[in-house]
file my_file19.cif (mmCIF, C-alpha atoms (C1' of nucleotides))
data_query
loop_
_atom_site.label_atom_id
_atom_site.label_comp_id
_atom_site.auth_asym_id
_atom_site.auth_seq_id
_atom_site.Cartn_x
_atom_site.Cartn_y
_atom_site.Cartn_z
CA MET A 1 -141.54 148.59 -77.97
CA THR A 2 -143.37 151.44 -76.27
CA THR A 3 -141.68 154.64 -75.14
CA GLU A 4 -142.24 153.68 -71.53
CA GLU A 5 -140.46 150.37 -72.04
CA LYS A 6 -137.59 152.10 -73.78
CA ILE A 7 -137.23 154.48 -70.84
CA LEU A 8 -137.39 151.71 -68.29
CA GLY A 9 -134.77 149.71 -70.15
CA ALA A 10 -132.49 152.71 -70.42
CA ALA A 11 -132.99 153.59 -66.76
CA GLU A 12 -132.20 150.04 -65.74
CA ALA A 13 -128.99 150.05 -67.77
CA GLU A 14 -127.89 153.42 -66.42
CA MET A 15 -128.74 152.72 -62.79
CA LEU A 16 -127.20 149.26 -62.76
CA GLU A 17 -124.08 150.79 -64.26
CA ARG A 18 -123.71 153.87 -62.07
CA GLY A 19 -126.06 153.44 -59.13
CA TYR A 20 -128.87 155.82 -58.21
CA ASP A 21 -126.64 158.73 -57.16
CA GLY A 22 -124.37 158.32 -60.15
CA ALA A 23 -127.16 157.89 -62.70
CA ARG A 24 -127.99 160.92 -64.84
CA MET A 25 -131.43 161.66 -66.21
CA ARG A 26 -129.72 163.07 -69.29
CA SER A 27 -127.90 159.77 -69.95
CA ILE A 28 -131.12 157.85 -69.51
CA ALA A 29 -132.87 160.08 -72.04
CA GLU A 30 -130.00 159.61 -74.49
CA LYS A 31 -129.98 155.84 -74.06
CA ALA A 32 -133.75 155.76 -74.62
CA GLU A 33 -133.31 158.09 -77.60
CA ILE A 34 -135.81 160.61 -76.34
CA ASN A 35 -135.43 164.04 -74.74
CA LYS A 36 -135.25 164.86 -71.08
CA GLY A 37 -138.67 166.43 -70.95
CA LEU A 38 -140.35 163.24 -71.98
CA LEU A 39 -138.69 161.35 -69.17
CA HIS A 40 -140.57 163.42 -66.65
CA TYR A 41 -143.78 162.96 -68.56
CA TYR A 42 -143.62 159.19 -68.01
CA PHE A 43 -141.87 159.17 -64.65
CA LYS A 44 -142.37 162.32 -62.62
CA THR A 45 -139.06 162.14 -60.74
CA LYS A 46 -135.79 160.26 -60.70
CA GLU A 47 -136.99 158.54 -57.54
CA THR A 48 -140.11 157.26 -59.34
CA LEU A 49 -137.89 155.80 -62.00
CA LEU A 50 -135.74 154.12 -59.39
CA VAL A 51 -138.72 152.48 -57.75
CA ALA A 52 -139.71 150.93 -61.08
CA VAL A 53 -136.19 149.68 -61.73
CA PHE A 54 -135.74 148.38 -58.20
CA GLN A 55 -138.97 146.43 -58.12
CA LYS A 56 -138.29 144.84 -61.48
CA THR A 57 -134.77 143.77 -60.55
CA PHE A 58 -135.57 142.68 -57.01
CA GLN A 59 -138.17 140.22 -58.19
CA GLN A 60 -135.73 138.77 -60.71
CA ILE A 61 -133.14 138.12 -58.05
CA PHE A 62 -135.30 135.53 -56.29
CA LYS A 63 -137.33 134.19 -59.19
CA THR A 64 -134.81 131.60 -60.36
CA LEU A 65 -134.32 130.26 -56.85
CA ASP A 66 -138.03 130.14 -56.24
CA GLU A 67 -138.71 128.07 -59.34
CA VAL A 68 -136.09 125.48 -58.47
CA PHE A 69 -137.13 125.28 -54.83
CA GLN A 70 -140.78 124.77 -55.75
CA SER A 71 -140.01 121.94 -58.17
CA GLU A 72 -140.26 118.22 -57.34
CA MET A 73 -136.78 116.82 -56.89
CA PRO A 74 -134.60 115.14 -54.25
CA LEU A 75 -133.20 117.75 -51.86
CA PHE A 76 -129.53 117.50 -52.76
CA GLU A 77 -130.27 117.60 -56.47
CA LYS A 78 -132.37 120.64 -55.81
CA VAL A 79 -129.48 122.40 -54.15
CA GLU A 80 -127.19 121.48 -57.02
CA LYS A 81 -129.67 122.73 -59.58
CA ALA A 82 -130.38 125.93 -57.66
CA VAL A 83 -126.67 126.78 -57.53
CA ALA A 84 -126.17 126.08 -61.22
CA GLU A 85 -129.21 128.03 -62.38
CA TYR A 86 -128.62 130.90 -60.02
CA SER A 87 -125.02 131.14 -61.18
CA ASP A 88 -126.05 131.02 -64.82
CA PHE A 89 -128.61 133.73 -64.25
CA MET A 90 -126.01 135.94 -62.59
CA ILE A 91 -123.53 135.33 -65.40
CA LYS A 92 -126.20 136.75 -67.69
CA HIS A 93 -127.02 139.63 -65.33
CA PRO A 94 -123.79 140.28 -63.46
CA LYS A 95 -124.62 143.81 -62.31
CA LEU A 96 -127.89 142.86 -60.67
CA PRO A 97 -126.79 141.68 -57.22
CA PHE A 98 -124.54 144.66 -56.61
CA PHE A 99 -127.29 147.06 -57.63
CA ILE A 100 -129.87 145.55 -55.27
CA ILE A 101 -127.48 145.42 -52.35
CA SER A 102 -126.24 148.88 -53.10
CA GLU A 103 -129.72 150.34 -53.19
CA MET A 104 -130.76 148.64 -49.97
CA ASN A 105 -127.67 149.99 -48.27
CA ARG A 106 -128.52 153.46 -49.50
CA ASP A 107 -132.04 153.48 -48.17
CA ALA A 108 -133.10 150.23 -46.58
CA MET A 109 -136.17 151.63 -44.85
CA LYS A 110 -137.86 152.87 -48.00
CA HIS A 111 -137.14 149.69 -49.92
CA ASN A 112 -138.35 147.50 -47.07
CA GLN A 113 -141.62 149.37 -46.95
CA ARG A 114 -142.04 149.04 -50.70
CA MET A 115 -141.40 145.32 -50.63
CA LEU A 116 -143.74 144.76 -47.72
CA LYS A 117 -146.42 146.72 -49.56
CA ALA A 118 -145.84 144.68 -52.73
CA GLU A 119 -145.92 141.54 -50.56
CA VAL A 120 -142.58 140.36 -51.83
CA LYS A 121 -141.68 137.14 -50.08
CA PRO A 122 -138.25 135.60 -50.42
CA PRO A 123 -138.87 131.94 -51.26
CA PHE A 124 -137.61 129.86 -48.39
CA SER A 125 -140.64 128.35 -46.73
CA THR A 126 -140.86 125.21 -48.88
CA LEU A 127 -137.12 124.66 -48.62
CA PHE A 128 -137.03 125.13 -44.87
CA GLN A 129 -139.80 122.56 -44.46
CA GLU A 130 -137.78 120.08 -46.49
CA PHE A 131 -134.81 120.70 -44.23
CA GLU A 132 -136.94 119.79 -41.23
CA LYS A 133 -138.11 116.59 -42.89
CA GLY A 134 -134.51 115.77 -43.82
CA LYS A 135 -133.43 116.12 -40.21
CA LYS A 136 -136.09 113.67 -39.06
CA SER A 137 -135.26 111.12 -41.74
CA GLY A 138 -131.54 111.33 -40.87
CA LEU A 139 -130.54 112.69 -44.26
CA ILE A 140 -129.52 116.01 -42.79
CA ASP A 141 -127.22 116.88 -39.92
CA PRO A 142 -129.43 117.68 -36.90
CA ASN A 143 -127.13 120.58 -35.97
CA PHE A 144 -127.52 122.22 -39.37
CA LYS A 145 -129.01 125.69 -39.10
CA PRO A 146 -131.37 126.52 -41.97
CA GLU A 147 -131.11 130.29 -41.43
CA HIS A 148 -127.48 130.08 -42.47
CA PHE A 149 -128.08 128.12 -45.64
CA MET A 150 -129.34 131.03 -47.72
CA LEU A 151 -126.51 133.21 -46.44
CA ASN A 152 -123.92 130.60 -47.33
CA MET A 153 -125.41 130.04 -50.75
CA MET A 154 -125.79 133.70 -51.60
CA GLY A 155 -122.41 134.60 -50.19
CA LEU A 156 -120.62 131.86 -52.09
CA ILE A 157 -122.42 132.50 -55.37
CA LEU A 158 -122.87 136.26 -55.34
CA PHE A 159 -119.60 137.48 -53.85
CA PRO A 160 -117.56 136.95 -57.04
CA PHE A 161 -120.11 139.07 -58.92
CA ILE A 162 -120.44 141.79 -56.32
CA ALA A 163 -116.71 142.09 -55.82
CA ARG A 164 -115.60 141.39 -59.37
CA PRO A 165 -113.05 144.22 -59.67
CA MET A 166 -111.49 143.32 -56.33
CA VAL A 167 -111.37 139.62 -57.17
CA MET A 168 -109.76 140.26 -60.54
CA PHE A 169 -107.24 142.61 -58.97
CA MET A 170 -106.38 140.26 -56.10
CA HIS A 171 -105.71 137.32 -58.35
CA LYS A 172 -104.38 139.31 -61.31
CA MET A 173 -106.99 137.78 -63.58
CA ASN A 174 -108.01 138.71 -67.07
CA GLN A 175 -111.56 138.56 -68.37
CA SER A 176 -111.47 134.97 -69.58
CA GLU A 177 -109.79 133.64 -66.44
CA TYR A 178 -112.51 135.32 -64.43
CA LYS A 179 -115.23 133.72 -66.55
CA GLN A 180 -113.57 130.35 -66.12
CA LEU A 181 -113.53 130.88 -62.37
CA LEU A 182 -117.25 131.58 -62.32
CA ASN A 183 -117.96 128.40 -64.22
CA ASP A 184 -115.74 126.29 -62.00
CA ARG A 185 -117.52 127.55 -58.93
CA LYS A 186 -120.89 126.12 -59.90
CA LYS A 187 -119.77 122.61 -59.01
CA LEU A 188 -117.56 123.62 -56.08
CA VAL A 189 -120.20 125.71 -54.36
CA ALA A 190 -122.83 123.00 -54.65
CA GLU A 191 -120.43 120.50 -53.10
CA ILE A 192 -119.66 122.79 -50.20
CA LEU A 193 -123.32 123.45 -49.48
CA ILE A 194 -124.37 119.82 -49.69
CA ASN A 195 -121.43 118.72 -47.59
CA ASP A 196 -122.46 121.17 -44.94
CA ILE A 197 -126.04 120.02 -44.62
CA LYS A 198 -125.43 116.28 -45.06
CA ALA A 199 -125.56 114.10 -41.96
CA LYS A 200 -121.98 113.25 -40.97
CA MET B 1 -106.11 165.94 -32.98
CA THR B 2 -105.03 168.03 -35.95
CA THR B 3 -107.46 169.63 -38.38
CA GLU B 4 -106.33 167.27 -41.11
CA GLU B 5 -107.10 164.25 -38.94
CA LYS B 6 -110.50 165.67 -38.07
CA ILE B 7 -111.27 166.14 -41.76
CA LEU B 8 -110.09 162.66 -42.68
CA GLY B 9 -112.16 161.12 -39.92
CA ALA B 10 -115.23 163.07 -40.96
CA ALA B 11 -114.70 162.19 -44.62
CA GLU B 12 -114.34 158.53 -43.78
CA ALA B 13 -117.56 158.55 -41.78
CA GLU B 14 -119.49 160.38 -44.49
CA MET B 15 -118.16 158.33 -47.40
CA LEU B 16 -118.60 155.00 -45.67
CA GLU B 17 -122.15 156.05 -44.87
CA ARG B 18 -123.22 157.48 -48.23
CA GLY B 19 -120.61 156.42 -50.78
CA TYR B 20 -118.55 158.79 -52.91
CA ASP B 21 -121.42 160.05 -55.05
CA GLY B 22 -123.73 160.42 -52.09
CA ALA B 23 -121.16 162.12 -49.83
CA ARG B 24 -121.45 165.89 -49.47
CA MET B 25 -118.50 168.17 -48.87
CA ARG B 26 -120.78 170.30 -46.73
CA SER B 27 -121.62 167.34 -44.45
CA ILE B 28 -117.95 166.48 -44.13
CA ALA B 29 -117.16 170.05 -43.11
CA GLU B 30 -119.96 169.99 -40.56
CA LYS B 31 -118.85 166.66 -39.12
CA ALA B 32 -115.30 167.97 -38.85
CA GLU B 33 -116.65 171.20 -37.33
CA ILE B 34 -114.89 173.42 -39.82
CA ASN B 35 -116.09 175.37 -42.87
CA LYS B 36 -116.17 174.24 -46.47
CA GLY B 37 -113.33 176.49 -47.56
CA LEU B 38 -110.91 174.84 -45.19
CA LEU B 39 -111.74 171.44 -46.62
CA HIS B 40 -110.35 172.51 -49.96
CA TYR B 41 -107.29 174.00 -48.29
CA TYR B 42 -106.31 170.57 -46.93
CA PHE B 43 -107.68 168.43 -49.73
CA LYS B 44 -107.92 170.21 -53.06
CA THR B 45 -110.86 168.21 -54.39
CA LYS B 46 -113.44 165.67 -53.30
CA GLU B 47 -111.53 163.09 -55.32
CA THR B 48 -108.35 163.81 -53.34
CA LEU B 49 -110.26 163.20 -50.16
CA LEU B 50 -111.62 159.94 -51.51
CA VAL B 51 -108.15 158.67 -52.37
CA ALA B 52 -107.04 159.26 -48.79
CA VAL B 53 -110.09 157.47 -47.39
CA PHE B 54 -109.85 154.60 -49.85
CA GLN B 55 -106.19 153.90 -49.22
CA LYS B 56 -106.65 153.96 -45.48
CA THR B 57 -109.61 151.58 -45.56
CA PHE B 58 -108.26 149.25 -48.22
CA GLN B 59 -105.16 148.52 -46.22
CA GLN B 60 -107.24 147.76 -43.15
CA ILE B 61 -109.31 145.22 -44.98
CA PHE B 62 -106.38 142.85 -45.51
CA LYS B 63 -104.27 143.69 -42.48
CA THR B 64 -106.02 141.33 -40.07
CA LEU B 65 -105.83 138.43 -42.48
CA ASP B 66 -102.21 139.13 -43.25
CA GLU B 67 -101.19 139.04 -39.59
CA VAL B 68 -102.88 135.71 -38.96
CA PHE B 69 -101.56 134.14 -42.16
CA GLN B 70 -97.99 135.22 -41.37
CA SER B 71 -98.08 133.76 -37.87
CA GLU B 72 -96.72 130.35 -36.87
CA MET B 73 -99.58 127.96 -36.36
CA PRO B 74 -100.98 124.69 -37.72
CA LEU B 75 -102.88 125.33 -40.95
CA PHE B 76 -106.39 124.48 -39.77
CA GLU B 77 -105.98 126.52 -36.58
CA LYS B 78 -104.81 129.36 -38.76
CA VAL B 79 -107.97 129.21 -40.82
CA GLU B 80 -110.09 129.12 -37.70
CA LYS B 81 -108.27 132.09 -36.22
CA ALA B 82 -108.41 134.05 -39.47
CA VAL B 83 -112.17 133.61 -39.69
CA ALA B 84 -112.70 134.63 -36.07
CA GLU B 85 -110.46 137.67 -36.20
CA TYR B 86 -111.68 138.80 -39.58
CA SER B 87 -115.28 138.50 -38.41
CA ASP B 88 -114.53 140.40 -35.22
CA PHE B 89 -112.84 143.14 -37.19
CA MET B 90 -115.85 143.45 -39.47
CA ILE B 91 -118.23 143.53 -36.53
CA LYS B 92 -116.25 146.57 -35.39
CA HIS B 93 -116.14 148.11 -38.87
CA PRO B 94 -119.28 146.84 -40.60
CA LYS B 95 -119.42 149.48 -43.32
CA LEU B 96 -115.91 148.88 -44.55
CA PRO B 97 -116.36 145.97 -46.96
CA PHE B 98 -119.31 147.50 -48.74
CA PHE B 99 -117.47 150.78 -49.16
CA ILE B 100 -114.39 149.17 -50.70
CA ILE B 101 -116.41 146.99 -53.04
CA SER B 102 -118.66 149.87 -53.94
CA GLU B 103 -115.76 152.13 -54.79
CA MET B 104 -114.05 149.51 -56.90
CA ASN B 105 -117.24 148.94 -58.81
CA ARG B 106 -117.51 152.65 -59.41
CA ASP B 107 -114.06 153.07 -60.83
CA ALA B 108 -111.97 149.92 -60.77
CA MET B 109 -109.32 151.15 -63.18
CA LYS B 110 -108.29 154.16 -61.10
CA HIS B 111 -108.23 152.20 -57.88
CA ASN B 112 -106.22 149.39 -59.43
CA GLN B 113 -103.62 151.84 -60.63
CA ARG B 114 -103.43 153.43 -57.20
CA MET B 115 -102.98 150.10 -55.50
CA LEU B 116 -100.36 148.97 -57.96
CA LYS B 117 -98.49 152.21 -57.45
CA ALA B 118 -98.70 151.83 -53.67
CA GLU B 119 -97.56 148.22 -54.12
CA VAL B 120 -100.51 146.87 -52.23
CA LYS B 121 -100.29 143.11 -52.19
CA PRO B 122 -103.15 140.98 -50.93
CA PRO B 123 -101.52 138.54 -48.52
CA PHE B 124 -101.94 135.09 -50.00
CA SER B 125 -98.48 133.92 -50.95
CA THR B 126 -97.55 132.36 -47.63
CA LEU B 127 -100.93 130.71 -47.31
CA PHE B 128 -100.86 129.32 -50.84
CA GLN B 129 -97.45 127.79 -50.21
CA GLU B 130 -98.81 126.08 -47.12
CA PHE B 131 -101.66 124.66 -49.16
CA GLU B 132 -99.14 123.12 -51.53
CA LYS B 133 -97.21 121.59 -48.66
CA GLY B 134 -100.46 120.27 -47.20
CA LYS B 135 -101.33 118.57 -50.45
CA LYS B 136 -98.00 116.76 -50.51
CA SER B 137 -98.25 115.64 -46.90
CA GLY B 138 -101.78 114.34 -47.48
CA LEU B 139 -103.39 116.79 -45.06
CA ILE B 140 -105.24 118.57 -47.84
CA ASP B 141 -107.48 117.28 -50.60
CA PRO B 142 -105.37 117.18 -53.80
CA ASN B 143 -108.34 118.48 -55.80
CA PHE B 144 -108.71 121.55 -53.63
CA LYS B 145 -108.25 124.77 -55.60
CA PRO B 146 -106.47 127.49 -53.62
CA GLU B 147 -107.75 130.29 -55.84
CA HIS B 148 -111.25 129.56 -54.57
CA PHE B 149 -110.34 129.57 -50.91
CA MET B 150 -110.12 133.34 -50.53
CA LEU B 151 -113.36 133.74 -52.46
CA ASN B 152 -115.15 131.25 -50.26
CA MET B 153 -113.82 132.80 -47.10
CA MET B 154 -114.58 136.36 -48.08
CA GLY B 155 -117.97 135.49 -49.50
CA LEU B 156 -119.01 133.58 -46.41
CA ILE B 157 -117.72 136.15 -43.96
CA LEU B 158 -118.38 139.41 -45.78
CA PHE B 159 -121.75 138.78 -47.42
CA PRO B 160 -123.77 139.26 -44.21
CA PHE B 161 -122.11 142.64 -43.73
CA ILE B 162 -122.37 143.78 -47.33
CA ALA B 163 -125.98 142.72 -47.63
CA ARG B 164 -127.10 143.47 -44.11
CA PRO B 165 -130.36 145.25 -44.98
CA MET B 166 -131.36 142.47 -47.38
CA VAL B 167 -130.47 139.75 -44.89
CA MET B 168 -132.43 141.40 -42.12
CA PHE B 169 -135.41 141.88 -44.40
CA MET B 170 -135.34 138.33 -45.76
CA HIS B 171 -135.30 136.73 -42.35
CA LYS B 172 -137.33 139.41 -40.59
CA MET B 173 -134.57 139.96 -38.07
CA ASN B 174 -134.12 142.68 -35.51
CA GLN B 175 -130.78 144.18 -34.55
CA SER B 176 -129.94 141.72 -31.81
CA GLU B 177 -130.92 138.66 -33.82
CA TYR B 178 -128.67 139.89 -36.58
CA LYS B 179 -125.75 140.34 -34.16
CA GLN B 180 -126.34 136.84 -32.85
CA LEU B 181 -126.25 135.50 -36.39
CA LEU B 182 -122.90 137.16 -37.03
CA ASN B 183 -121.45 135.60 -33.93
CA ASP B 184 -122.79 132.15 -34.72
CA ARG B 185 -121.22 132.28 -38.14
CA LYS B 186 -117.66 132.52 -36.86
CA LYS B 187 -117.65 128.84 -35.94
CA LEU B 188 -119.83 127.67 -38.82
CA VAL B 189 -117.80 129.38 -41.51
CA ALA B 190 -114.51 128.03 -40.17
CA GLU B 191 -115.98 124.51 -40.19
CA ILE B 192 -117.17 124.84 -43.76
CA LEU B 193 -113.81 126.11 -44.98
CA ILE B 194 -111.76 123.49 -43.16
CA ASN B 195 -114.10 120.72 -44.26
CA ASP B 196 -113.64 121.83 -47.84
CA ILE B 197 -109.86 121.76 -47.83
CA LYS B 198 -109.38 118.67 -45.65
CA ALA B 199 -108.40 115.42 -47.38
CA LYS B 200 -111.49 113.21 -47.57
"C1'" DG C 1 -147.06 162.46 -76.79
"C1'" DT C 2 -143.07 164.82 -78.03
"C1'" DC C 3 -140.18 168.63 -78.28
"C1'" DT C 4 -137.31 173.10 -76.81
"C1'" DA C 5 -136.26 176.30 -73.57
"C1'" DT C 6 -135.59 177.54 -69.12
"C1'" DA C 7 -136.34 177.72 -64.26
"C1'" DA C 8 -134.56 176.52 -59.85
"C1'" DC C 9 -131.27 174.80 -57.18
"C1'" DA C 10 -127.51 172.10 -55.36
"C1'" DG C 11 -122.84 171.05 -55.18
"C1'" DG C 12 -117.88 171.54 -55.71
"C1'" DA C 13 -114.48 174.83 -56.09
"C1'" DT C 14 -112.19 179.54 -55.73
"C1'" DA C 15 -111.03 184.40 -54.09
"C1'" DG C 16 -109.75 187.17 -50.83
"C1'" DA C 17 -110.10 189.23 -46.09
"C1'" DC C 18 -108.29 188.41 -41.63
"C1'" DG D 1 -104.75 178.44 -41.07
"C1'" DT D 2 -109.33 179.79 -40.91
"C1'" DC D 3 -113.26 182.23 -42.33
"C1'" DT D 4 -117.14 184.40 -45.53
"C1'" DA D 5 -118.83 185.29 -49.77
"C1'" DT D 6 -119.33 183.98 -54.33
"C1'" DC D 7 -118.67 181.73 -58.73
"C1'" DC D 8 -119.77 178.27 -61.96
"C1'" DT D 9 -121.18 174.17 -63.60
"C1'" DG D 10 -124.20 170.41 -63.87
"C1'" DT D 11 -128.65 168.46 -62.58
"C1'" DT D 12 -133.45 167.74 -61.82
"C1'" DA D 13 -137.67 169.48 -62.86
"C1'" DT D 14 -141.23 172.50 -65.13
"C1'" DA D 15 -143.56 175.52 -68.76
"C1'" DG D 16 -145.36 175.88 -72.82
"C1'" DA D 17 -145.35 175.40 -78.03
"C1'" DC D 18 -146.52 172.01 -81.44
#
call {"tool": "encode", "arguments": {"input": "my_file19.cif", "output": "structure tokens"}}
result
Amino acid sequence: MTTEEKILGAAEAEMLERGYDGARMRSIAEKAEINKGLLHYYFKTKETLLVAVFQKTFQQIFKTLDEVFQSEMPLFEKVEKAVAEYSDFMIKHPKLPFFIISEMNRDAMKHNQRMLKAEVKPPFSTLFQEFEKGKKSGLIDPNFKPEHFMLNMMGLILFPFIARPMVMFMHKMNQSEYKQLLNDRKKLVAEILINDIKAK
Amino acid sequence: MTTEEKILGAAEAEMLERGYDGARMRSIAEKAEINKGLLHYYFKTKETLLVAVFQKTFQQIFKTLDEVFQSEMPLFEKVEKAVAEYSDFMIKHPKLPFFIISEMNRDAMKHNQRMLKAEVKPPFSTLFQEFEKGKKSGLIDPNFKPEHFMLNMMGLILFPFIARPMVMFMHKMNQSEYKQLLNDRKKLVAEILINDIKAK
DNA sequence: GTCTATAACAGGATAGAC
DNA sequence: GTCTATCCTGTTATAGAC
């Protein structure tokens, strides 16, 4: 493991934990087990470090979905699989969605420009084409609006991760009840989404 | 308008815009058109100021829902009304949900203690009782899990606000397209929620 | 490449005059 | 209550030895 990788890993941990403003270069150096000076040798500024962390995490957040959507599979199964895999991924990386959203709220313009430059494309085109086909074949409700599908899916899946402390407080949950809830939702969310797009 | 009110208003604007870590006491003083010293006369520390802002905003975030849930109305109409009013409230205060969630992610323990001390109770009890009644009368699917209802509702309604920059980027939307989307969702979200709880 | 030391500055908080 | 001036700490960033 190179020094650069150690730094990037430490920076990711620190920034996902405390956000950009809350992150401390000192903590990052400690986590990476190097000194502060060396940080600036590899990454000139804190901002530079953020860009690296943001790009890495942003790509991850759509990768799972992309893979499932690209695969050959009946549409409803695809939705079911996407929900399950996306949920599982988030259970493994629970801080990721809040970090991305948080960063984009902090400075959307800069991040947009970066993503456009890196030609980052959220992976809907194949899916949206399938929706159109589904409408013609009568599988899908003709009134169904594709632009809302991603919002529904992300909202239903990601909200419990983004708002974990609030959710646990509201329902007076402990850690294991919360985990159980996340697991239960995989099936429930898929049902809701499929029900919504299915021809009535 | 008293000086204290001016400060609180300015602090709310600044903290909702930049978050606690990003907020600057200097900016708050400028917004309130007073000097920094006076800030500390009214609110000893930045943390004190945050507590005031957090409590004010946290109560708001459940007030609308509470009012609708307490009212006399058939269950499904109640859901429909709750979604519409909650959405309208968020359209008026779009930064509120992200701020609350952000703060709780930053320091959930402290905020939990504060809310427990202030006896803040998220307003579900009446609604959950109605769900039970509905199950017995056959109106509601017996497999429906009440603990997921609030999550579904909040996720579906709040996600577009919390993740606005990401949503706009993903779908290449401009401001007015985004507003249109928010309005369209009022009806769609209510349909999804009702469909999910209705006996099949 | 890696370290120590330090510069340079920003930010929250306080003191004290009025 | 309101202001100005200032302290003090913590933070990013740089210089320079090894």
call {"tool": "residues_around", "arguments": {"input": "my_file19.cif", "residues": "D:DA5", "least_positions_apart": "4", "cutoff": "12 Å", "atoms": "all atoms listed in the file", "output": "list in words"}}
result
Lys36 and Gly37 of chain B; DT14, DA15, DG16 and DA17 of chain C
call {"tool": "interface_residues", "arguments": {"input": "my_file19.cif", "of": "chain D", "to": "chain B", "cutoff": "10 Å", "atoms": "only C-alpha atoms (C1' of nucleotides)", "output": "ChimeraX atom specification"}}
result
/D:1-4
call {"tool": "residues_around", "arguments": {"input": "my_file19.cif", "residues": "stretch 49-57 of chain B", "least_positions_apart": "4", "cutoff": "9 Å", "atoms": "only C-alpha atoms (C1' of nucleotides)", "output": "number ranges by chain"}}
result
B: 7-9, 11-12, 15, 20, 42-45, 61, 96-97, 99-100, 103, 111, 114-115, 118
call {"tool": "closest_residue", "arguments": {"input": "my_file19.cif", "among": "B:Lys31, B:Lys46, B:Lys145, B:Lys92", "to": "chain C", "atoms": "all atoms listed in the file"}}
result
B:Lys46
call {"tool": "atom_distance", "arguments": {"input": "my_file19.cif", "atom1": "atom CA of B:Met1", "atom2": "atom CA of B:Phe58"}}
result
22.7 Å
call {"tool": "atom_distance", "arguments": {"input": "my_file19.cif", "atom1": "atom CA of A:Ile91", "atom2": "atom CA of A:Leu182"}}
result
7.9 Å
call {"tool": "interface_residues", "arguments": {"input": "my_file19.cif", "of": "chain B", "to": "chain A", "cutoff": "8 Å", "atoms": "all atoms listed in the file", "output": "PyMOL selection string"}}
result
chain B and resi 18+21-22+101-102+104-106+108+112+121-122+147-148+151-152+154-160+162-167+169-171+185+192+196
call {"tool": "atom_distance", "arguments": {"input": "my_file19.cif", "atom1": "atom CA of A:Tyr86", "atom2": "atom CA of A:Glu119"}}
result
22.4 Å
call {"tool": "residues_around", "arguments": {"input": "my_file19.cif", "residues": "D:DT9", "least_positions_apart": "3", "cutoff": "12 Å", "atoms": "all atoms listed in the file", "output": "JSON, numbers by chain"}}
result
{"C": [9, 10, 11, 12, 13]}
call {"tool": "build_atoms", "arguments": {"input": "my_file19.cif", "residues": "stretch 3-12 of chain A", "atoms": "N, CA, C and O atoms", "output": "PDB file, keeping the file's coordinate frame"}}
result
ATOM      1  N   THR A   3    -142.615 153.652 -75.691  1.00  0.00           N
ATOM      2  CA  THR A   3    -141.680 154.640 -75.140  1.00  0.00           C
ATOM      3  C   THR A   3    -141.382 154.332 -73.675  1.00  0.00           C
ATOM      4  O   THR A   3    -140.241 154.408 -73.223  1.00  0.00           O
ATOM      5  N   GLU A   4    -142.427 153.973 -72.947  1.00  0.00           N
ATOM      6  CA  GLU A   4    -142.240 153.680 -71.530  1.00  0.00           C
ATOM      7  C   GLU A   4    -141.253 152.525 -71.332  1.00  0.00           C
ATOM      8  O   GLU A   4    -140.377 152.584 -70.461  1.00  0.00           O
ATOM      9  N   GLU A   5    -141.392 151.502 -72.147  1.00  0.00           N
ATOM     10  CA  GLU A   5    -140.460 150.370 -72.040  1.00  0.00           C
ATOM     11  C   GLU A   5    -139.036 150.784 -72.383  1.00  0.00           C
ATOM     12  O   GLU A   5    -138.079 150.337 -71.744  1.00  0.00           O
ATOM     13  N   LYS A   6    -138.919 151.624 -73.414  1.00  0.00           N
ATOM     14  CA  LYS A   6    -137.590 152.100 -73.780  1.00  0.00           C
ATOM     15  C   LYS A   6    -136.945 152.861 -72.611  1.00  0.00           C
ATOM     16  O   LYS A   6    -135.768 152.671 -72.304  1.00  0.00           O
ATOM     17  N   ILE A   7    -137.748 153.705 -71.976  1.00  0.00           N
ATOM     18  CA  ILE A   7    -137.230 154.480 -70.840  1.00  0.00           C
ATOM     19  C   ILE A   7    -136.805 153.556 -69.704  1.00  0.00           C
ATOM     20  O   ILE A   7    -135.721 153.684 -69.141  1.00  0.00           O
ATOM     21  N   LEU A   8    -137.679 152.616 -69.395  1.00  0.00           N
ATOM     22  CA  LEU A   8    -137.390 151.710 -68.290  1.00  0.00           C
ATOM     23  C   LEU A   8    -136.115 150.909 -68.554  1.00  0.00           C
ATOM     24  O   LEU A   8    -135.273 150.739 -67.669  1.00  0.00           O
ATOM     25  N   GLY A   9    -135.984 150.445 -69.781  1.00  0.00           N
ATOM     26  CA  GLY A   9    -134.770 149.710 -70.150  1.00  0.00           C
ATOM     27  C   GLY A   9    -133.525 150.561 -70.022  1.00  0.00           C
ATOM     28  O   GLY A   9    -132.511 150.131 -69.473  1.00  0.00           O
ATOM     29  N   ALA A  10    -133.632 151.796 -70.502  1.00  0.00           N
ATOM     30  CA  ALA A  10    -132.490 152.710 -70.420  1.00  0.00           C
ATOM     31  C   ALA A  10    -132.160 153.041 -68.976  1.00  0.00           C
ATOM     32  O   ALA A  10    -130.987 153.074 -68.584  1.00  0.00           O
ATOM     33  N   ALA A  11    -133.194 153.267 -68.178  1.00  0.00           N
ATOM     34  CA  ALA A  11    -132.990 153.590 -66.760  1.00  0.00           C
ATOM     35  C   ALA A  11    -132.337 152.427 -66.043  1.00  0.00           C
ATOM     36  O   ALA A  11    -131.428 152.614 -65.226  1.00  0.00           O
ATOM     37  N   GLU A  12    -132.783 151.230 -66.362  1.00  0.00           N
ATOM     38  CA  GLU A  12    -132.200 150.040 -65.740  1.00  0.00           C
ATOM     39  C   GLU A  12    -130.708 149.961 -66.078  1.00  0.00           C
ATOM     40  O   GLU A  12    -129.871 149.780 -65.190  1.00  0.00           O
TER      41      GLU A  12
END
